[in-house]
$ cat target-v7.txt   # compact mmCIF, N, CA and C atoms
# COMPACT_ATOMS: atom_id res chain seq x y z
N MET A 1265 81.32 31.09 122.01
CA MET A 1265 81.97 30.93 120.72
C MET A 1265 83.41 31.42 120.82
N HIS A 1266 84.29 30.79 120.07
CA HIS A 1266 85.70 31.15 120.07
C HIS A 1266 86.15 31.63 118.69
N VAL A 1267 87.20 32.41 118.66
CA VAL A 1267 87.83 32.80 117.41
C VAL A 1267 88.26 31.53 116.68
N THR A 1268 88.05 31.50 115.38
CA THR A 1268 88.46 30.33 114.60
C THR A 1268 89.97 30.36 114.35
N ILE A 1269 90.52 29.21 114.03
CA ILE A 1269 91.95 29.16 113.71
C ILE A 1269 92.23 29.97 112.45
N GLU A 1270 91.30 29.95 111.50
CA GLU A 1270 91.49 30.74 110.28
C GLU A 1270 91.56 32.23 110.60
N ASN A 1271 90.65 32.71 111.47
CA ASN A 1271 90.68 34.12 111.85
C ASN A 1271 91.91 34.45 112.68
N ALA A 1272 92.29 33.54 113.57
CA ALA A 1272 93.49 33.77 114.39
C ALA A 1272 94.72 33.91 113.51
N GLU A 1273 94.86 33.02 112.53
CA GLU A 1273 96.01 33.07 111.62
C GLU A 1273 95.97 34.33 110.75
N ALA A 1274 94.78 34.74 110.31
CA ALA A 1274 94.66 35.97 109.51
C ALA A 1274 95.05 37.19 110.35
N ALA A 1275 94.63 37.22 111.61
CA ALA A 1275 94.99 38.33 112.49
C ALA A 1275 96.50 38.38 112.71
N ILE A 1276 97.11 37.22 112.90
CA ILE A 1276 98.57 37.17 113.07
C ILE A 1276 99.26 37.72 111.82
N GLU A 1277 98.80 37.30 110.65
CA GLU A 1277 99.43 37.76 109.41
C GLU A 1277 99.25 39.27 109.21
N GLY A 1278 98.07 39.79 109.53
CA GLY A 1278 97.84 41.24 109.43
C GLY A 1278 98.73 42.01 110.39
N ALA A 1279 98.87 41.50 111.59
CA ALA A 1279 99.73 42.13 112.59
C ALA A 1279 101.20 42.05 112.17
N ARG A 1280 101.59 40.90 111.67
CA ARG A 1280 102.98 40.71 111.23
C ARG A 1280 103.34 41.66 110.09
N ALA A 1281 102.42 41.84 109.17
CA ALA A 1281 102.66 42.76 108.05
C ALA A 1281 102.86 44.19 108.56
N LYS A 1282 102.05 44.58 109.54
CA LYS A 1282 102.19 45.92 110.11
C LYS A 1282 103.52 46.06 110.84
N ALA A 1283 103.91 45.03 111.59
CA ALA A 1283 105.19 45.07 112.29
C ALA A 1283 106.33 45.23 111.29
N LYS A 1284 106.27 44.50 110.19
CA LYS A 1284 107.31 44.62 109.16
C LYS A 1284 107.35 46.04 108.59
N SER A 1285 106.16 46.63 108.37
CA SER A 1285 106.12 47.99 107.82
C SER A 1285 106.71 49.01 108.79
N LEU A 1286 106.69 48.68 110.08
CA LEU A 1286 107.27 49.55 111.10
C LEU A 1286 108.73 49.20 111.39
N SER A 1287 109.25 48.21 110.67
CA SER A 1287 110.63 47.74 110.84
C SER A 1287 110.91 47.30 112.28
N THR A 1288 109.99 46.53 112.83
CA THR A 1288 110.15 46.03 114.18
C THR A 1288 109.81 44.54 114.22
N GLN A 1289 110.29 43.88 115.25
CA GLN A 1289 110.04 42.46 115.43
C GLN A 1289 109.13 42.29 116.65
N MET A 1290 108.10 41.51 116.48
CA MET A 1290 107.08 41.39 117.51
C MET A 1290 106.78 39.94 117.87
N CYS A 1291 106.25 39.78 119.06
CA CYS A 1291 105.58 38.55 119.47
C CYS A 1291 104.09 38.86 119.40
N ILE A 1292 103.33 37.97 118.77
CA ILE A 1292 101.91 38.19 118.55
C ILE A 1292 101.16 36.96 119.03
N ALA A 1293 100.24 37.17 119.96
CA ALA A 1293 99.47 36.07 120.54
C ALA A 1293 97.98 36.27 120.32
N ILE A 1294 97.31 35.19 120.02
CA ILE A 1294 95.85 35.18 119.92
C ILE A 1294 95.33 34.18 120.94
N VAL A 1295 94.35 34.60 121.74
CA VAL A 1295 93.68 33.70 122.66
C VAL A 1295 92.21 33.62 122.29
N ASP A 1296 91.56 32.51 122.69
CA ASP A 1296 90.14 32.38 122.44
C ASP A 1296 89.35 33.08 123.56
N SER A 1297 88.04 32.95 123.53
CA SER A 1297 87.21 33.67 124.50
C SER A 1297 87.37 33.16 125.93
N GLY A 1298 88.02 32.02 126.11
CA GLY A 1298 88.34 31.51 127.44
C GLY A 1298 89.75 31.84 127.87
N ALA A 1299 90.45 32.67 127.09
CA ALA A 1299 91.82 33.10 127.33
C ALA A 1299 92.83 31.96 127.14
N ASN A 1300 92.45 30.97 126.35
CA ASN A 1300 93.35 29.86 126.03
C ASN A 1300 94.10 30.17 124.74
N PRO A 1301 95.38 29.77 124.64
CA PRO A 1301 96.15 30.04 123.43
C PRO A 1301 95.49 29.46 122.19
N LYS A 1302 95.44 30.25 121.12
CA LYS A 1302 94.89 29.80 119.84
C LYS A 1302 95.96 29.84 118.75
N ALA A 1303 96.75 30.92 118.72
CA ALA A 1303 97.82 31.05 117.72
C ALA A 1303 98.87 32.00 118.28
N PHE A 1304 100.10 31.80 117.82
CA PHE A 1304 101.21 32.62 118.31
C PHE A 1304 102.31 32.64 117.26
N THR A 1305 102.99 33.77 117.17
CA THR A 1305 104.21 33.84 116.38
C THR A 1305 105.21 34.75 117.08
N ARG A 1306 106.45 34.37 116.97
CA ARG A 1306 107.56 35.22 117.42
C ARG A 1306 108.40 35.50 116.20
N MET A 1307 108.37 36.74 115.75
CA MET A 1307 109.15 37.11 114.57
C MET A 1307 110.63 36.95 114.87
N ASP A 1308 111.42 36.71 113.83
CA ASP A 1308 112.86 36.57 114.00
C ASP A 1308 113.41 37.79 114.75
N ASP A 1309 114.24 37.51 115.73
CA ASP A 1309 114.90 38.53 116.55
C ASP A 1309 113.98 39.28 117.52
N ALA A 1310 112.73 38.87 117.64
CA ALA A 1310 111.86 39.49 118.66
C ALA A 1310 112.36 39.08 120.03
N TRP A 1311 112.23 39.96 120.99
CA TRP A 1311 112.71 39.69 122.34
C TRP A 1311 112.00 38.49 122.96
N VAL A 1312 112.75 37.66 123.62
CA VAL A 1312 112.19 36.51 124.32
C VAL A 1312 111.24 36.98 125.43
N GLY A 1313 111.59 38.06 126.10
CA GLY A 1313 110.74 38.59 127.17
C GLY A 1313 109.38 39.05 126.69
N SER A 1314 109.28 39.32 125.40
CA SER A 1314 108.00 39.78 124.84
C SER A 1314 106.99 38.64 124.66
N ILE A 1315 107.45 37.40 124.71
CA ILE A 1315 106.53 36.27 124.58
C ILE A 1315 105.48 36.33 125.68
N ASP A 1316 105.92 36.37 126.93
CA ASP A 1316 105.01 36.40 128.07
C ASP A 1316 104.14 37.65 128.06
N ILE A 1317 104.71 38.78 127.69
CA ILE A 1317 103.95 40.03 127.67
C ILE A 1317 102.83 39.96 126.63
N ALA A 1318 103.12 39.46 125.43
CA ALA A 1318 102.10 39.36 124.39
C ALA A 1318 100.94 38.47 124.84
N VAL A 1319 101.28 37.32 125.40
CA VAL A 1319 100.25 36.39 125.88
C VAL A 1319 99.41 37.04 126.98
N LYS A 1320 100.07 37.70 127.92
CA LYS A 1320 99.33 38.33 129.02
C LYS A 1320 98.49 39.52 128.55
N LYS A 1321 98.96 40.24 127.55
CA LYS A 1321 98.13 41.32 127.00
C LYS A 1321 96.85 40.73 126.39
N ALA A 1322 96.98 39.65 125.62
CA ALA A 1322 95.80 39.03 125.02
C ALA A 1322 94.84 38.53 126.10
N LYS A 1323 95.38 37.87 127.12
CA LYS A 1323 94.54 37.37 128.20
C LYS A 1323 93.85 38.50 128.94
N THR A 1324 94.58 39.57 129.21
CA THR A 1324 94.00 40.72 129.91
C THR A 1324 92.84 41.30 129.11
N ALA A 1325 93.03 41.46 127.80
CA ALA A 1325 91.98 42.04 126.94
C ALA A 1325 90.73 41.17 126.92
N VAL A 1326 90.90 39.84 126.92
CA VAL A 1326 89.73 38.97 126.89
C VAL A 1326 89.09 38.84 128.27
N PHE A 1327 89.89 38.85 129.32
CA PHE A 1327 89.34 38.75 130.68
C PHE A 1327 88.37 39.89 130.98
N PHE A 1328 88.70 41.09 130.48
CA PHE A 1328 87.92 42.27 130.83
C PHE A 1328 87.18 42.89 129.65
N GLY A 1329 87.34 42.30 128.46
CA GLY A 1329 86.60 42.77 127.30
C GLY A 1329 86.87 44.20 126.92
N MET A 1330 88.11 44.61 127.11
CA MET A 1330 88.48 45.97 126.72
C MET A 1330 89.97 46.04 126.41
N PRO A 1331 90.38 47.06 125.68
CA PRO A 1331 91.81 47.21 125.38
C PRO A 1331 92.63 47.33 126.66
N THR A 1332 93.82 46.77 126.63
CA THR A 1332 94.67 46.81 127.81
C THR A 1332 95.03 48.24 128.20
N GLY A 1333 95.16 49.12 127.22
CA GLY A 1333 95.46 50.52 127.52
C GLY A 1333 94.35 51.18 128.32
N ALA A 1334 93.09 50.80 128.07
CA ALA A 1334 91.96 51.35 128.83
C ALA A 1334 92.02 50.87 130.28
N ILE A 1335 92.39 49.61 130.46
CA ILE A 1335 92.54 49.09 131.83
C ILE A 1335 93.67 49.82 132.53
N GLY A 1336 94.73 50.13 131.79
CA GLY A 1336 95.85 50.86 132.36
C GLY A 1336 95.45 52.21 132.91
N LYS A 1337 94.55 52.90 132.22
CA LYS A 1337 94.08 54.20 132.71
C LYS A 1337 93.33 54.05 134.04
N LEU A 1338 92.58 52.96 134.16
CA LEU A 1338 91.79 52.72 135.38
C LEU A 1338 92.63 52.19 136.53
N SER A 1339 93.85 51.69 136.22
CA SER A 1339 94.66 51.03 137.25
C SER A 1339 95.79 51.91 137.80
N GLN A 1340 95.75 53.18 137.49
CA GLN A 1340 96.76 54.10 138.01
C GLN A 1340 96.53 54.34 139.51
N PRO A 1341 97.55 54.76 140.26
CA PRO A 1341 97.36 55.04 141.68
C PRO A 1341 96.15 55.96 141.89
N GLY A 1342 95.29 55.56 142.79
CA GLY A 1342 94.07 56.29 143.05
C GLY A 1342 92.91 55.92 142.15
N GLY A 1343 93.20 55.11 141.10
CA GLY A 1343 92.16 54.68 140.17
C GLY A 1343 91.31 53.56 140.73
N SER A 1344 90.17 53.36 140.11
CA SER A 1344 89.22 52.36 140.60
C SER A 1344 89.74 50.93 140.48
N LEU A 1345 90.71 50.68 139.61
CA LEU A 1345 91.26 49.34 139.45
C LEU A 1345 92.74 49.26 139.85
N TYR A 1346 93.17 50.18 140.69
CA TYR A 1346 94.57 50.19 141.11
C TYR A 1346 94.97 48.82 141.68
N GLY A 1347 96.06 48.27 141.18
CA GLY A 1347 96.58 46.99 141.64
C GLY A 1347 96.05 45.78 140.89
N ILE A 1348 95.16 45.98 139.92
CA ILE A 1348 94.55 44.86 139.21
C ILE A 1348 95.58 43.99 138.49
N GLU A 1349 96.72 44.58 138.12
CA GLU A 1349 97.72 43.81 137.37
C GLU A 1349 98.30 42.65 138.18
N HIS A 1350 98.05 42.64 139.47
CA HIS A 1350 98.54 41.55 140.32
C HIS A 1350 97.56 40.38 140.40
N SER A 1351 96.40 40.52 139.79
CA SER A 1351 95.40 39.46 139.81
C SER A 1351 95.61 38.51 138.63
N ASN A 1352 94.90 37.42 138.62
CA ASN A 1352 94.87 36.49 137.49
C ASN A 1352 96.26 36.03 137.04
N GLU A 1353 97.14 35.80 137.99
CA GLU A 1353 98.52 35.37 137.71
C GLU A 1353 99.29 36.38 136.88
N GLY A 1354 98.91 37.65 136.99
CA GLY A 1354 99.63 38.72 136.32
C GLY A 1354 98.94 39.20 135.06
N LEU A 1355 98.61 40.47 135.04
CA LEU A 1355 98.00 41.10 133.88
C LEU A 1355 98.94 42.16 133.34
N ILE A 1356 98.71 42.57 132.11
CA ILE A 1356 99.46 43.67 131.51
C ILE A 1356 98.46 44.78 131.24
N THR A 1357 98.74 45.97 131.77
CA THR A 1357 97.78 47.06 131.69
C THR A 1357 98.31 48.26 130.90
N PHE A 1358 99.14 47.98 129.90
CA PHE A 1358 99.53 49.04 128.99
C PHE A 1358 99.17 48.59 127.57
N PRO A 1359 99.10 49.51 126.60
CA PRO A 1359 98.57 49.20 125.27
C PRO A 1359 99.27 48.05 124.56
N GLY A 1360 98.48 47.41 123.68
CA GLY A 1360 98.97 46.31 122.86
C GLY A 1360 98.10 45.06 122.95
N GLY A 1361 97.03 45.10 123.74
CA GLY A 1361 96.09 44.00 123.83
C GLY A 1361 94.70 44.51 123.46
N LEU A 1362 94.05 43.82 122.51
CA LEU A 1362 92.73 44.24 122.04
C LEU A 1362 91.78 43.05 121.96
N PRO A 1363 90.52 43.25 122.34
CA PRO A 1363 89.53 42.19 122.17
C PRO A 1363 89.28 41.92 120.68
N ILE A 1364 88.90 40.70 120.37
CA ILE A 1364 88.43 40.34 119.03
C ILE A 1364 86.94 40.06 119.17
N VAL A 1365 86.15 40.83 118.43
CA VAL A 1365 84.69 40.78 118.54
C VAL A 1365 84.12 40.41 117.18
N ASP A 1366 83.19 39.45 117.16
CA ASP A 1366 82.61 39.05 115.87
C ASP A 1366 81.56 40.05 115.40
N GLU A 1367 81.00 39.80 114.22
CA GLU A 1367 80.05 40.73 113.62
C GLU A 1367 78.76 40.88 114.43
N ASP A 1368 78.50 39.96 115.35
CA ASP A 1368 77.32 40.05 116.22
C ASP A 1368 77.61 40.76 117.53
N GLY A 1369 78.83 41.27 117.69
CA GLY A 1369 79.20 41.96 118.91
C GLY A 1369 79.59 41.03 120.05
N VAL A 1370 79.94 39.78 119.72
CA VAL A 1370 80.30 38.79 120.73
C VAL A 1370 81.83 38.70 120.83
N LEU A 1371 82.33 38.76 122.05
CA LEU A 1371 83.76 38.62 122.31
C LEU A 1371 84.16 37.17 122.01
N VAL A 1372 85.05 36.97 121.03
CA VAL A 1372 85.46 35.62 120.64
C VAL A 1372 86.93 35.35 120.94
N GLY A 1373 87.67 36.36 121.37
CA GLY A 1373 89.09 36.19 121.67
C GLY A 1373 89.76 37.53 121.82
N ALA A 1374 91.08 37.51 121.74
CA ALA A 1374 91.84 38.76 121.86
C ALA A 1374 93.22 38.56 121.24
N ILE A 1375 93.84 39.68 120.92
CA ILE A 1375 95.21 39.70 120.40
C ILE A 1375 96.07 40.46 121.39
N GLY A 1376 97.29 39.98 121.56
CA GLY A 1376 98.27 40.68 122.37
C GLY A 1376 99.57 40.77 121.60
N VAL A 1377 100.18 41.95 121.61
CA VAL A 1377 101.39 42.21 120.84
C VAL A 1377 102.43 42.87 121.73
N SER A 1378 103.68 42.42 121.62
CA SER A 1378 104.76 43.02 122.38
C SER A 1378 106.05 42.94 121.58
N GLY A 1379 106.90 43.95 121.76
CA GLY A 1379 108.19 43.92 121.12
C GLY A 1379 108.74 45.27 120.72
N SER A 1380 107.97 46.32 120.94
CA SER A 1380 108.41 47.65 120.53
C SER A 1380 107.84 48.66 121.52
N SER A 1381 107.68 49.89 121.08
CA SER A 1381 107.03 50.90 121.91
C SER A 1381 105.56 50.53 122.07
N VAL A 1382 104.91 51.05 123.11
CA VAL A 1382 103.49 50.74 123.27
C VAL A 1382 102.67 51.28 122.10
N GLU A 1383 103.12 52.37 121.50
CA GLU A 1383 102.42 52.91 120.34
C GLU A 1383 102.48 51.93 119.17
N ASN A 1384 103.67 51.36 118.94
CA ASN A 1384 103.80 50.36 117.87
C ASN A 1384 103.06 49.08 118.22
N ASP A 1385 103.13 48.65 119.48
CA ASP A 1385 102.41 47.45 119.90
C ASP A 1385 100.92 47.62 119.62
N GLU A 1386 100.38 48.78 119.97
CA GLU A 1386 98.95 49.05 119.76
C GLU A 1386 98.61 49.07 118.27
N ALA A 1387 99.44 49.71 117.45
CA ALA A 1387 99.20 49.78 116.01
C ALA A 1387 99.23 48.39 115.38
N VAL A 1388 100.15 47.56 115.82
CA VAL A 1388 100.26 46.20 115.27
C VAL A 1388 99.06 45.36 115.71
N ALA A 1389 98.65 45.49 116.96
CA ALA A 1389 97.46 44.75 117.43
C ALA A 1389 96.23 45.19 116.65
N LYS A 1390 96.09 46.49 116.44
CA LYS A 1390 94.93 47.01 115.69
C LYS A 1390 94.93 46.49 114.26
N ALA A 1391 96.10 46.41 113.65
CA ALA A 1391 96.18 45.88 112.29
C ALA A 1391 95.71 44.42 112.25
N GLY A 1392 96.04 43.66 113.27
CA GLY A 1392 95.58 42.28 113.34
C GLY A 1392 94.08 42.18 113.47
N VAL A 1393 93.49 42.99 114.33
CA VAL A 1393 92.04 42.97 114.52
C VAL A 1393 91.33 43.51 113.28
N ASP A 1394 91.89 44.54 112.66
CA ASP A 1394 91.26 45.15 111.49
C ASP A 1394 91.10 44.17 110.33
N VAL A 1395 92.02 43.23 110.21
CA VAL A 1395 91.93 42.21 109.15
C VAL A 1395 90.61 41.45 109.26
N LEU A 1396 90.13 41.28 110.48
CA LEU A 1396 88.92 40.50 110.71
C LEU A 1396 87.66 41.34 110.59
N GLY A 1397 87.82 42.66 110.46
CA GLY A 1397 86.66 43.52 110.40
C GLY A 1397 85.88 43.48 111.70
N ALA A 1398 86.59 43.29 112.79
CA ALA A 1398 85.95 43.11 114.09
C ALA A 1398 85.16 44.34 114.50
N ALA A 1399 84.07 44.08 115.20
CA ALA A 1399 83.19 45.14 115.69
C ALA A 1399 83.60 45.53 117.11
N GLU A 1400 83.00 46.59 117.58
CA GLU A 1400 83.20 47.01 118.97
C GLU A 1400 82.28 46.19 119.86
N LEU A 1401 82.72 46.02 121.11
CA LEU A 1401 81.85 45.39 122.10
C LEU A 1401 80.74 46.36 122.48
N PRO A 1402 79.59 45.85 122.91
CA PRO A 1402 78.54 46.74 123.40
C PRO A 1402 79.06 47.56 124.58
N GLU A 1403 78.41 48.67 124.85
CA GLU A 1403 78.82 49.55 125.94
C GLU A 1403 78.90 48.83 127.25
N HIS A 1404 79.87 49.22 128.04
CA HIS A 1404 80.09 48.65 129.36
C HIS A 1404 80.40 49.81 130.30
N PRO A 1405 79.87 49.81 131.52
CA PRO A 1405 80.06 50.98 132.40
C PRO A 1405 81.51 51.27 132.77
N TRP A 1406 82.41 50.29 132.69
CA TRP A 1406 83.81 50.52 133.06
C TRP A 1406 84.65 51.02 131.90
N ARG A 1407 84.18 50.86 130.69
CA ARG A 1407 84.98 51.25 129.54
C ARG A 1407 85.09 52.75 129.46
N THR A 1408 86.31 53.23 129.15
CA THR A 1408 86.52 54.68 129.05
C THR A 1408 86.74 55.06 127.61

$ encode --input "target-v7.txt" --output "structure tokens"
Amino acid sequence: MHVTIENAEAAIEGARAKAKSLSTQMCIAIVDSGANPKAFTRMDDAWVGSIDIAVKKAKTAVFFGMPTGAIGKLSQPGGSLYGIEHSNEGLITFPGGLPIVDEDGVLVGAIGVSGSSVENDEAVAKAGVDVLGAAELPEHPWRT
């Protein structure tokens, strides 16, 4: 199952509202459960370089079913996933990418946000997911 266009657009609007409240401009990407683009927005004056980062954050979150920041912790030198960012045509392993999970606990897509500090990126991504009332994924041995 994939995230619906209605849910993708609602997540974008929730994220955009949070970005505005933080006085920042963001690129916000939604991918479906196959990591294919579903919806995207680039706010006025958002960095062009953030387009690719937002998309890759969303893809990274859906590929591994966990927040990109959690993957970042595992991919540090000496970590069990060190170097993973070089796989899959490039991943992003810092905060701002979150899975989108339906009410049955099924991964249906992900959101990726870029354009500010990683703290703001994460807050904006969370605001997008929160609009959907998304649930957590079931426990996974790699999740921290």

$ residues_around --input "target-v7.txt" --residues "Ala1281 in chain A" --least-positions-apart "3" --cutoff "9 Å" --atoms "only C-alpha atoms" --output "ChimeraX atom specification"
/A:1276-1278,1284-1286,1388,1391-1392

$ atom_distance --input "target-v7.txt" --atom1 "CA of Glu1367 in chain A" --atom2 "CA of Lys1390 in chain A"
16.3 Å

$ select_by_dssp --input "target-v7.txt" --residues "range 1272-1398 of chain A" --states "strand (DSSP E or B)" --output "list in words"
Cys1291, Ile1292, Ala1293, Ile1294, Val1295, Asp1296, Pro1301, Lys1302, Ala1303, Phe1304, Thr1305, Arg1306, Gly1361, Leu1362, Pro1363, Ile1364, Val1365, Leu1371, Val1372, Gly1373, Ala1374, Ile1375, Gly1376, Val1377 and Ser1378 of chain A

$ atom_distance --input "target-v7.txt" --atom1 "atom N of Val1372 in chain A" --atom2 "atom C of Gln1289 in chain A"
25.0 Å

$ closest_atom_pairs --input "target-v7.txt" --of "range 1363-1386 of chain A" --to "range 1305-1323 of chain A" --cutoff "8 Å" --atoms "only N, CA and C atoms" --output "JSON lines"
{"residue": "A:Pro1363", "atom": "N", "partner": "A:Ala1322", "partner_atom": "CA", "distance": 7.3}
{"residue": "A:Gly1373", "atom": "C", "partner": "A:Ala1322", "partner_atom": "C", "distance": 6.7}
{"residue": "A:Ala1374", "atom": "C", "partner": "A:Ala1322", "partner_atom": "CA", "distance": 4.6}
{"residue": "A:Ile1375", "atom": "C", "partner": "A:Ala1322", "partner_atom": "CA", "distance": 3.9}
{"residue": "A:Gly1376", "atom": "CA", "partner": "A:Ala1322", "partner_atom": "N", "distance": 3.6}
{"residue": "A:Val1377", "atom": "N", "partner": "A:Ala1318", "partner_atom": "CA", "distance": 4.3}
{"residue": "A:Ser1378", "atom": "N", "partner": "A:Ala1318", "partner_atom": "CA", "distance": 4.4}
{"residue": "A:Gly1379", "atom": "N", "partner": "A:Ser1314", "partner_atom": "CA", "distance": 5.3}
{"residue": "A:Ser1380", "atom": "N", "partner": "A:Ser1314", "partner_atom": "CA", "distance": 7.6}

$ atom_distance --input "target-v7.txt" --atom1 "atom N of Leu1362 in chain A" --atom2 "atom N of His1350 in chain A"
17.5 Å

$ closest_residue --input "target-v7.txt" --among "A:Pro1331, A:Ala1275, A:Lys1302, A:Ser1339" --to "Val1393 in chain A" --atoms "all atoms listed in the file"
A:Ala1275

$ decode --input "target-v7.txt" --residues "range 1275-1289 of chain A" --atoms "N, CA and C atoms" --output "short mmCIF file (atom, residue, chain, number, x, y, z; two decimals), in the first residue's frame"
data_model
loop_
_atom_site.label_atom_id
_atom_site.label_comp_id
_atom_site.auth_asym_id
_atom_site.auth_seq_id
_atom_site.Cartn_x
_atom_site.Cartn_y
_atom_site.Cartn_z
N ALA A 1275 0.32 16.22 4.47
CA ALA A 1275 1.61 16.22 5.15
C ALA A 1275 2.46 17.40 4.70
N ILE A 1276 2.44 17.68 3.40
CA ILE A 1276 3.19 18.84 2.88
C ILE A 1276 2.67 20.13 3.51
N GLU A 1277 1.35 20.27 3.58
CA GLU A 1277 0.78 21.49 4.14
C GLU A 1277 1.10 21.63 5.63
N GLY A 1278 1.05 20.53 6.38
CA GLY A 1278 1.41 20.57 7.79
C GLY A 1278 2.87 20.95 7.99
N ALA A 1279 3.73 20.39 7.16
CA ALA A 1279 5.16 20.70 7.23
C ALA A 1279 5.41 22.15 6.83
N ARG A 1280 4.73 22.60 5.79
CA ARG A 1280 4.90 23.98 5.32
C ARG A 1280 4.48 24.98 6.40
N ALA A 1281 3.39 24.69 7.07
CA ALA A 1281 2.92 25.58 8.14
C ALA A 1281 3.96 25.67 9.27
N LYS A 1282 4.57 24.53 9.60
CA LYS A 1282 5.59 24.53 10.64
C LYS A 1282 6.81 25.32 10.18
N ALA A 1283 7.21 25.14 8.93
CA ALA A 1283 8.36 25.89 8.41
C ALA A 1283 8.09 27.39 8.48
N LYS A 1284 6.88 27.79 8.12
CA LYS A 1284 6.53 29.22 8.20
C LYS A 1284 6.60 29.72 9.63
N SER A 1285 6.14 28.89 10.59
CA SER A 1285 6.18 29.31 11.99
C SER A 1285 7.61 29.45 12.51
N LEU A 1286 8.53 28.74 11.87
CA LEU A 1286 9.95 28.84 12.22
C LEU A 1286 10.69 29.89 11.39
N SER A 1287 9.94 30.57 10.52
CA SER A 1287 10.51 31.60 9.64
C SER A 1287 11.64 31.06 8.78
N THR A 1288 11.41 29.90 8.20
CA THR A 1288 12.40 29.29 7.32
C THR A 1288 11.73 28.79 6.05
N GLN A 1289 12.54 28.59 5.03
CA GLN A 1289 12.05 28.10 3.75
C GLN A 1289 12.59 26.69 3.54
#
